[in-house]
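K.L.:
Sending over run.txt (compact mmCIF, C-alpha atoms (C1' of nucleotides) and all ligand atoms).
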# COMPACT_ATOMS: atom_id res chain seq x y z
CA MET A 810 -28.90 -35.48 -33.37
CA THR A 811 -27.30 -32.06 -32.94
CA SER A 812 -25.98 -31.03 -29.54
CA GLN A 813 -28.12 -28.97 -27.21
CA GLY A 814 -24.99 -27.39 -25.76
CA LEU A 815 -22.56 -24.72 -26.70
CA LEU A 816 -22.55 -25.44 -30.44
CA SER A 817 -26.12 -24.28 -30.88
CA GLN A 818 -25.49 -20.72 -29.74
CA ALA A 819 -24.18 -19.46 -33.10
CA ASN A 820 -23.03 -16.12 -31.73
CA GLY A 821 -19.63 -15.98 -33.39
CA ILE A 822 -17.58 -17.17 -30.44
CA PRO A 823 -16.28 -20.73 -30.85
CA GLU A 824 -17.31 -23.30 -28.28
CA GLU A 825 -13.71 -23.72 -27.21
CA ILE A 826 -10.67 -21.40 -27.16
CA ASN A 827 -7.16 -22.57 -26.26
CA GLY A 828 -8.62 -25.69 -24.69
CA LEU A 829 -11.10 -23.78 -22.53
CA ARG A 830 -14.74 -24.62 -22.98
CA MET A 831 -16.55 -21.37 -23.63
CA THR A 832 -19.59 -21.55 -21.43
CA ARG A 833 -22.31 -18.91 -21.64
CA GLN A 834 -20.76 -16.93 -18.77
CA ARG A 835 -17.25 -17.08 -20.21
CA GLN A 836 -18.55 -16.06 -23.63
CA GLU A 837 -20.47 -13.07 -22.37
CA ILE A 838 -17.55 -11.87 -20.24
CA TYR A 839 -15.17 -12.30 -23.13
CA LYS A 840 -17.54 -10.44 -25.47
CA LEU A 841 -17.89 -7.62 -22.96
CA LEU A 842 -14.11 -7.26 -22.66
CA MET A 843 -13.67 -7.30 -26.44
CA GLY A 844 -16.26 -4.55 -26.76
CA GLU A 845 -14.92 -2.33 -23.99
CA ARG A 846 -11.42 -0.96 -24.23
CA SER A 847 -11.59 0.32 -20.67
CA HIS A 848 -9.75 -2.48 -18.84
CA PRO A 849 -12.57 -3.00 -16.34
CA THR A 850 -12.14 -4.52 -12.89
CA ALA A 851 -13.88 -7.75 -11.89
CA ASN A 852 -16.54 -5.75 -10.11
CA GLU A 853 -17.12 -3.52 -13.13
CA VAL A 854 -17.48 -6.62 -15.28
CA PHE A 855 -19.92 -8.02 -12.73
CA MET A 856 -22.11 -4.89 -12.81
CA ARG A 857 -22.14 -4.64 -16.60
CA ILE A 858 -22.61 -8.33 -17.33
CA LYS A 859 -25.83 -8.48 -15.33
CA GLU A 860 -27.61 -6.97 -18.33
CA SER A 861 -27.09 -10.18 -20.29
CA LEU A 862 -26.78 -12.58 -17.35
CA PRO A 863 -28.93 -11.30 -14.48
CA ASN A 864 -28.26 -14.31 -12.24
CA ILE A 865 -24.47 -14.41 -12.50
CA SER A 866 -22.49 -14.24 -9.26
CA LEU A 867 -19.35 -12.26 -8.53
CA ALA A 868 -17.55 -15.53 -7.77
CA THR A 869 -18.34 -16.72 -11.28
CA VAL A 870 -17.02 -13.49 -12.74
CA TYR A 871 -13.77 -14.09 -10.88
CA ASN A 872 -13.72 -17.76 -11.92
CA CYS A 873 -14.33 -16.91 -15.57
CA LEU A 874 -11.74 -14.14 -15.65
CA GLU A 875 -9.17 -16.44 -14.05
CA ALA A 876 -9.95 -19.22 -16.52
CA LEU A 877 -9.66 -16.81 -19.46
CA VAL A 878 -6.35 -15.48 -18.14
CA GLN A 879 -4.89 -18.92 -17.53
CA HIS A 880 -5.77 -20.04 -21.03
CA HIS A 881 -4.17 -16.90 -22.46
CA ILE A 882 -7.41 -15.55 -23.87
CA ILE A 883 -7.22 -12.28 -21.94
CA ARG A 884 -4.62 -10.64 -19.70
CA GLN A 885 -4.70 -9.49 -16.13
CA VAL A 886 -3.30 -6.00 -15.51
CA ASN A 887 -2.27 -4.66 -12.13
CA PHE A 888 -1.51 -1.11 -11.12
CA ASP A 889 0.14 -1.06 -7.74
CA ARG A 890 -2.37 -2.45 -5.28
CA GLU A 891 -5.50 -1.37 -7.10
CA PRO A 892 -8.09 -3.97 -8.09
CA SER A 893 -6.93 -6.11 -11.01
CA ARG A 894 -8.09 -5.08 -14.46
CA TYR A 895 -8.62 -7.23 -17.50
CA CYS A 896 -7.45 -6.69 -21.06
CA PRO A 897 -8.43 -8.59 -24.22
CA ASN A 898 -5.46 -7.25 -26.23
CA LEU A 899 -2.98 -10.11 -26.63
CA ASP A 900 -0.40 -8.09 -28.55
CA GLU A 901 2.70 -7.22 -26.56
CA HIS A 902 1.89 -3.86 -25.03
CA GLY A 903 2.16 -1.75 -21.92
CA HIS A 904 -0.41 0.21 -19.94
CA PHE A 905 -0.55 3.92 -19.30
CA HIS A 906 -2.68 5.05 -16.38
CA ASP A 907 -3.83 8.64 -16.89
CA GLU A 908 -4.16 10.03 -13.40
CA ALA A 909 -6.22 13.01 -14.56
CA THR A 910 -9.12 10.92 -15.86
CA GLY A 911 -8.45 7.53 -14.32
CA THR A 912 -8.46 5.93 -17.75
CA ILE A 913 -6.05 3.27 -18.93
CA HIS A 914 -4.54 3.27 -22.38
CA ASP A 915 -2.76 0.49 -24.22
CA VAL A 916 0.76 1.53 -25.22
CA LYS A 917 2.42 -0.14 -28.19
CA PHE A 918 6.15 -0.44 -28.61
CA LYS A 919 7.73 1.28 -31.56
CA PRO A 920 8.41 -1.11 -34.47
CA GLY A 921 11.39 -3.44 -34.17
CA ILE A 922 11.80 -3.04 -30.43
CA ASN A 923 12.69 -6.13 -28.41
CA LEU A 924 12.41 -5.26 -24.76
CA THR A 925 14.75 -7.90 -23.39
CA ASP A 926 17.55 -6.67 -25.67
CA LEU A 927 17.54 -3.38 -23.79
CA LEU A 928 17.79 -4.92 -20.36
CA ASP A 929 20.94 -6.00 -18.59
CA LEU A 930 19.62 -9.41 -17.60
CA PRO A 931 21.63 -12.06 -15.74
CA PRO A 932 22.93 -14.78 -18.14
CA HIS A 933 20.79 -17.86 -18.84
CA THR A 934 17.59 -16.04 -18.04
CA VAL A 935 14.36 -17.32 -19.54
CA ILE A 936 11.75 -14.57 -19.51
CA LYS A 937 8.17 -15.77 -19.54
CA ASP A 938 6.39 -12.46 -19.11
CA ILE A 939 7.12 -8.75 -19.11
CA GLU A 940 4.87 -6.09 -17.69
CA ILE A 941 5.24 -2.38 -18.33
CA THR A 942 3.04 0.13 -16.58
CA LEU A 943 3.19 3.91 -16.77
CA ARG A 944 1.60 6.53 -14.61
CA GLY A 945 1.13 10.18 -15.57
CA GLN A 946 -1.12 12.72 -17.19
CA LEU A 947 -2.41 13.52 -20.64
CA SER A 948 -1.70 17.26 -20.57
CA ALA A 949 -4.12 19.65 -22.22
CA SER A 950 -2.66 21.65 -25.15
CA MET B 1368 22.01 23.03 25.33
CA THR B 1369 22.24 20.13 22.84
CA SER B 1370 19.09 18.32 21.75
CA GLN B 1371 18.04 15.09 23.39
CA GLY B 1372 16.45 14.01 20.10
CA LEU B 1373 17.55 12.54 16.82
CA LEU B 1374 20.82 14.49 16.52
CA SER B 1375 22.39 12.59 19.39
CA GLN B 1376 22.17 9.19 17.72
CA ALA B 1377 25.31 9.53 15.58
CA ASN B 1378 24.73 6.32 13.64
CA GLY B 1379 25.52 7.61 10.17
CA ILE B 1380 21.96 8.22 9.01
CA PRO B 1381 21.05 11.91 8.96
CA GLU B 1382 18.22 13.12 11.14
CA GLU B 1383 16.23 14.12 8.09
CA ILE B 1384 16.07 12.85 4.49
CA ASN B 1385 14.06 14.57 1.75
CA GLY B 1386 12.11 16.46 4.38
CA LEU B 1387 11.25 13.31 6.36
CA ARG B 1388 12.31 13.21 9.96
CA MET B 1389 14.24 10.00 10.45
CA THR B 1390 12.89 8.58 13.65
CA ARG B 1391 14.47 5.53 15.24
CA GLN B 1392 11.94 3.24 13.57
CA ARG B 1393 12.38 4.81 10.15
CA GLN B 1394 16.16 4.68 10.49
CA GLU B 1395 16.25 1.03 11.44
CA ILE B 1396 13.89 0.04 8.65
CA TYR B 1397 15.89 2.05 6.13
CA LYS B 1398 19.13 0.48 7.37
CA LEU B 1399 17.64 -2.99 7.09
CA LEU B 1400 16.52 -2.36 3.51
CA MET B 1401 19.91 -0.95 2.54
CA GLY B 1402 21.59 -4.04 3.97
CA GLU B 1403 19.29 -6.59 2.37
CA ARG B 1404 18.98 -6.77 -1.39
CA SER B 1405 16.07 -9.16 -1.12
CA HIS B 1406 13.16 -6.73 -1.60
CA PRO B 1407 11.37 -7.88 1.56
CA THR B 1408 7.66 -7.54 2.21
CA ALA B 1409 6.30 -5.43 5.08
CA ASN B 1410 5.84 -8.56 7.13
CA GLU B 1411 9.38 -9.74 6.44
CA VAL B 1412 10.66 -6.32 7.52
CA PHE B 1413 8.50 -6.60 10.64
CA MET B 1414 9.94 -9.98 11.60
CA ARG B 1415 13.56 -8.97 10.99
CA ILE B 1416 13.36 -5.52 12.57
CA LYS B 1417 12.26 -6.95 15.90
CA GLU B 1418 15.90 -7.80 16.59
CA SER B 1419 16.75 -4.11 16.93
CA LEU B 1420 13.28 -2.82 17.89
CA PRO B 1421 11.49 -5.54 19.86
CA ASN B 1422 8.44 -3.38 20.60
CA ILE B 1423 7.70 -2.16 17.09
CA SER B 1424 4.25 -2.85 15.65
CA LEU B 1425 3.32 -4.00 12.18
CA ALA B 1426 1.29 -0.81 11.74
CA THR B 1427 4.44 1.20 12.35
CA VAL B 1428 6.33 -0.85 9.80
CA TYR B 1429 3.61 -0.02 7.27
CA ASN B 1430 3.60 3.64 8.35
CA CYS B 1431 7.37 3.91 8.04
CA LEU B 1432 7.55 2.16 4.70
CA GLU B 1433 4.81 4.42 3.32
CA ALA B 1434 6.58 7.54 4.63
CA LEU B 1435 9.88 6.41 3.10
CA VAL B 1436 8.18 5.69 -0.23
CA GLN B 1437 6.34 9.00 -0.33
CA HIS B 1438 9.53 10.92 0.36
CA HIS B 1439 11.28 9.01 -2.42
CA ILE B 1440 13.76 7.36 -0.08
CA ILE B 1441 12.80 3.83 -1.08
CA ARG B 1442 10.50 2.33 -3.72
CA GLN B 1443 7.50 0.07 -3.51
CA VAL B 1444 7.52 -2.88 -5.89
CA ASN B 1445 4.48 -4.94 -6.81
CA PHE B 1446 4.29 -8.27 -8.56
CA ASP B 1447 0.74 -9.00 -9.59
CA ARG B 1448 -1.29 -9.29 -6.40
CA GLU B 1449 1.48 -10.48 -4.15
CA PRO B 1450 2.32 -8.51 -1.02
CA SER B 1451 4.19 -5.29 -1.81
CA ARG B 1452 7.97 -5.40 -1.60
CA TYR B 1453 10.36 -2.59 -0.83
CA CYS B 1454 13.53 -1.55 -2.64
CA PRO B 1455 16.21 0.93 -1.55
CA ASN B 1456 17.69 1.22 -5.07
CA LEU B 1457 16.67 4.61 -6.47
CA ASP B 1458 18.34 4.16 -9.86
CA GLU B 1459 15.93 3.58 -12.70
CA HIS B 1460 15.62 -0.18 -12.87
CA GLY B 1461 13.23 -3.05 -13.37
CA HIS B 1462 12.57 -6.20 -11.37
CA PHE B 1463 13.02 -9.79 -12.40
CA HIS B 1464 11.15 -12.37 -10.37
CA ASP B 1465 12.90 -15.74 -10.60
CA GLU B 1466 10.11 -18.26 -10.25
CA ALA B 1467 12.51 -21.11 -9.53
CA THR B 1468 13.88 -19.62 -6.32
CA GLY B 1469 11.35 -16.89 -5.57
CA THR B 1470 14.10 -14.30 -5.50
CA ILE B 1471 13.88 -10.85 -7.03
CA HIS B 1472 16.72 -9.26 -8.95
CA ASP B 1473 17.22 -5.66 -9.94
CA VAL B 1474 17.54 -5.28 -13.71
CA LYS B 1475 19.41 -2.31 -15.14
CA PHE B 1476 18.77 -0.86 -18.55
CA LYS B 1477 21.57 -0.97 -21.07
CA PRO B 1478 23.44 2.36 -21.35
CA GLY B 1479 21.78 5.17 -23.29
CA ILE B 1480 18.30 3.64 -23.22
CA ASN B 1481 15.37 5.99 -22.70
CA LEU B 1482 12.29 3.89 -22.15
CA THR B 1483 9.71 6.43 -23.21
CA ASP B 1484 11.44 6.86 -26.61
CA LEU B 1485 10.60 3.26 -27.41
CA LEU B 1486 6.93 3.55 -26.60
CA ASP B 1487 4.20 4.76 -28.88
CA LEU B 1488 2.67 7.15 -26.36
CA PRO B 1489 -0.27 9.46 -27.03
CA PRO B 1490 0.88 13.07 -27.69
CA HIS B 1491 1.23 15.51 -24.78
CA THR B 1492 1.80 12.73 -22.29
CA VAL B 1493 3.66 13.51 -19.09
CA ILE B 1494 5.04 10.31 -17.59
CA LYS B 1495 5.65 10.42 -13.87
CA ASP B 1496 6.61 6.82 -13.27
CA ILE B 1497 7.45 3.68 -15.21
CA GLU B 1498 7.44 0.21 -13.80
CA ILE B 1499 8.95 -2.85 -15.50
CA THR B 1500 8.56 -6.29 -14.03
CA LEU B 1501 9.72 -9.59 -15.49
CA ARG B 1502 8.84 -13.13 -14.57
CA GLY B 1503 10.84 -16.20 -15.52
CA GLN B 1504 13.60 -18.56 -14.55
CA LEU B 1505 17.34 -18.46 -14.15
CA SER B 1506 18.09 -21.65 -16.07
CA ALA B 1507 20.87 -23.94 -14.85
CA SER B 1508 23.80 -24.33 -17.29
C1' DA C 756 -31.63 -41.93 -19.92
C1' DT C 757 -27.82 -42.25 -16.83
C1' DT C 758 -23.60 -40.96 -15.15
C1' DG C 759 -19.59 -38.25 -13.92
C1' DG C 760 -17.04 -34.33 -14.19
C1' DA C 761 -17.15 -29.43 -14.93
C1' DT C 762 -19.26 -25.20 -13.86
C1' DC C 763 -21.95 -22.09 -11.25
C1' DA C 764 -24.04 -19.56 -7.21
C1' DA C 765 -24.14 -17.85 -2.51
C1' DG C 766 -21.96 -16.77 1.17
C1' DA C 767 -18.10 -17.54 4.41
C1' DA C 768 -13.27 -17.06 4.95
C1' DC C 769 -8.88 -15.10 4.09
C1' DT C 770 -5.16 -11.68 4.14
C1' DA C 771 -2.69 -7.65 2.97
C1' DT C 772 -3.44 -3.26 4.12
C1' DT C 773 -5.59 0.79 6.26
C1' DC C 774 -7.95 3.06 9.88
C1' DT C 775 -9.05 4.49 14.74
C1' DA C 776 -8.11 5.91 19.13
C1' DA C 777 -5.14 6.10 22.90
C1' DT C 778 -0.41 6.70 24.33
C1' DT C 779 4.18 8.16 23.84
C1' DT C 780 7.71 10.91 21.99
C1' DA C 781 9.88 14.88 20.51
C1' DA C 782 10.00 19.59 18.80
C1' DA C 783 8.75 24.38 19.76
C1' DT C 784 7.50 27.91 22.88
C1' DT C 785 7.42 30.23 27.07
C1' DA D 366 13.31 23.87 32.64
C1' DA D 367 8.41 23.44 32.39
C1' DT D 368 4.64 23.78 29.23
C1' DT D 369 2.44 23.39 25.04
C1' DT D 370 1.71 21.39 20.52
C1' DA D 371 2.26 18.40 16.95
C1' DA D 372 4.01 14.14 15.12
C1' DA D 373 4.78 9.37 15.62
C1' DT D 374 3.88 4.92 17.53
C1' DT D 375 1.09 1.14 19.10
C1' DA D 376 -2.61 -2.35 19.36
C1' DG D 377 -6.39 -3.83 17.65
C1' DA D 378 -10.52 -3.23 14.77
C1' DA D 379 -12.08 -2.56 10.21
C1' DT D 380 -11.82 -2.83 5.23
C1' DA D 381 -11.76 -4.70 0.59
C1' DG D 382 -10.36 -7.46 -3.09
C1' DT D 383 -10.02 -12.01 -3.76
C1' DT D 384 -10.31 -16.99 -2.83
C1' DC D 385 -12.46 -20.89 -0.83
C1' DT D 386 -16.28 -24.10 0.41
C1' DT D 387 -20.34 -26.45 -0.43
C1' DG D 388 -24.39 -27.72 -2.66
C1' DA D 389 -26.96 -27.19 -6.94
C1' DT D 390 -26.94 -27.21 -11.91
C1' DC D 391 -25.35 -28.12 -16.41
C1' DC D 392 -23.49 -30.74 -20.07
C1' DA D 393 -20.75 -34.16 -22.68
C1' DA D 394 -19.95 -38.92 -22.95
C1' DT D 395 -21.57 -43.43 -22.42
MN MN A 1601 3.58 -0.38 -8.98
MN MN A 1602 1.10 -8.40 -13.32
ZN ZN A 1603 -4.29 -3.59 -22.48
ZN ZN A 1604 14.88 -2.97 -6.85
Represent the structure of the file as structure tokens.

P.N.:
Amino acid sequence: MTSQGLLSQANGIPEEINGLRMTRQRQEIYKLLMGERSHPTANEVFMRIKESLPNISLATVYNCLEALVQHHIIRQVNFDREPSRYCPNLDEHGHFHDEATGTIHDVKFKPGINLTDLLDLPPHTVIKDIEITLRGQLSAS
Amino acid sequence: MTSQGLLSQANGIPEEINGLRMTRQRQEIYKLLMGERSHPTANEVFMRIKESLPNISLATVYNCLEALVQHHIIRQVNFDREPSRYCPNLDEHGHFHDEATGTIHDVKFKPGINLTDLLDLPPHTVIKDIEITLRGQLSAS
DNA sequence: ATTGGATCAAGAACTATTCTAATTTAAATT
DNA sequence: AATTTAAATTAGAATAGTTCTTGATCCAAT
């Protein structure tokens, strides 16, 4: 007979992504991140996810976010020592923190740009990850 | 008569930098950072500075580092959620974290590179600070 | 249906950092 | 030079984001 598990949910999210079983909690958190472009913190995710999962715990939010990050389904974004934020955009991009509003914007690179070509790296360097963060203001006029 | 204060120390570091009074503690911490290229954490600074200032407290190390950062005498460097590190290099540069050894290397930009020109920023954006961090390995051969 | 491993929930624990309050130091004023 | 005033330092308590621990629950495989 057909499984009573994840397959039967038919909500558009596959039961497994990058080898990570997509439990109900992971699915809902992933859906929330895909819907919001606001790069929420773990606590913001926790508060918003209660609408669909009233019994979820903050520990589970952290566990799910970590699992999603480690399976390269979402990305963790840090600004200085502020709480970590989470981003569902897997394209190579940077993050601009607008200090006037507190909002965070994805920043694409201009076409044909390869970051490591512009850096004076030591020889035989294997780069696994680059992070670019910007801080400033979106001026009025 | 001549001051009994900072002027009489004659150790090469001026009594004031960028409007910040260079107390004994701030001087020693600044000297230590200028001597080390290792981007130490506050706790590492604390342990090493005890040689010259046996009675200093960790709170003072944090206070001094924050004062030096806010007066643009040194820079604070963050890798993900690891303890903050401190860098005396004021040139525009990025940081490469070698995961094999745990060491951090300054990374210069190739000549003539203007980072913001390569980014697809929203219009009317005033950038106050850019941070570039890289993670990877310095492979053997 | 049973089993075993994965996941979840609740709260305790951890740790880098910041805060508080008292003391000390140094600059400014008299 | 003594007094006054403000800044800096210290020690320890407090904070906060995150991680850990443990027992319960869920689910896929047998
Ligand atoms: Mn930073
Ligand atoms: Mn990071
Ligand atoms: Zn993003
Ligand atoms: Zn540096």

K.L.:
All residues within 9 Å of ligand MN 1601 (chain A) are required, counting all atoms listed in the file; please report them as a PyMOL selection string.

P.N.:
(chain A and resi 887-890+942-943) or (chain B and resi 1443-1446+1451+1496-1499)

K.L.:
Would you mind listing the residues within 10 Å of ligand ZN 1603 (chain A), counting only C-alpha atoms (C1' of nucleotides) and all ligand atoms, as a ChimeraX atom specification?

P.N.:
/A:846-848,883-886,894-905,913-917

K.L.:
Please identify every residue of chain D that has at least one atom no more than 10 Å from any atom of chain A, counting only C-alpha atoms (C1' of nucleotides), and report them as a VMD selection string.

P.N.:
chain D and resid 381 to 384 391 to 393

K.L.:
Could you give me, as a list in words, the residues that have an atom at most 9 Å away from the point (-24.6, -28.6, -9.3) in the coordinates of the file, using only C-alpha atoms (C1' of nucleotides)?

P.N.:
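Answer for this query, in the requested form: DT762 and DC763 of chain C; DG388, DA389, DT390 and DC391 of chain D.
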
K.L.:
Any chance you could export the current selection's C-alpha atoms (C1' of nucleotides) as a tab-separated table (two decimals), in the coordinates of the input?

P.N.:
chain	number	residue	atom	x	y	z
C	762	DT	C1'	-19.26	-25.20	-13.86
C	763	DC	C1'	-21.95	-22.09	-11.25
D	388	DG	C1'	-24.39	-27.72	-2.66
D	389	DA	C1'	-26.96	-27.19	-6.94
D	390	DT	C1'	-26.94	-27.21	-11.91
D	391	DC	C1'	-25.35	-28.12	-16.41

K.L.:
For CA of Leu930 (chain A) and CA of Gly1402 (chain B), quote the distance in Å rounded to one decimal.

P.N.:
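Computing it gives 22.3 Å between the two atoms.
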
K.L.:
From the list D:DA366, D:DT395, D:DA371, D:DA376, which residue is nearest DA756 (chain C) when using all atoms listed in the file?

P.N.:
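Distance minimum relative to DA756 (chain C) lands on D:DT395.
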
K.L.:
Show me, as a list in words, every residue of chain C with an atom at most 9 Å from chain B, counting all atoms listed in the file.

P.N.:
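Result, ordered by chain then number: DA771, DT772, DT773, DA781 and DA782 of chain C.
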
K.L.:
Select, from A:Val878, A:Ala909, A:Leu947, A:Leu927, the residue with the minimum atom-to-atom distance to ligand MN 1602 (chain A), counting all atoms listed in the file.

P.N.:
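Using all atoms listed in the file, the shortest distance to ligand MN 1602 (chain A) belongs to A:Val878.
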
K.L.:
Go through A:Phe918, A:Val854, A:Leu877, A:Pro931 and flag the residue nearest chain B, using all atoms listed in the file for the distances.

P.N.:
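Closest to chain B of all the choices is A:Phe918.
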
K.L.:
CA of Lys1417 (chain B) to CA of Glu1466 (chain B): how many Å, to one decimal?

P.N.:
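These two atoms are separated by 28.6 Å.
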
K.L.:
Kindly give the distance, in Å, that separates CA of Val1493 (chain B) and CA of Ser948 (chain A), rounded to a single decimal.

P.N.:
6.7 Å

K.L.:
Name the closest residue to ligand MN 1602 (chain A) among the candidates B:Gly1386, B:Thr1408, B:Gly1469, B:His1464; distances are taken between atoms, counting all atoms listed in the file.

P.N.:
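Of B:Gly1386, B:Thr1408, B:Gly1469, B:His1464, the one nearest ligand MN 1602 (chain A) is B:His1464, counting all atoms listed in the file.
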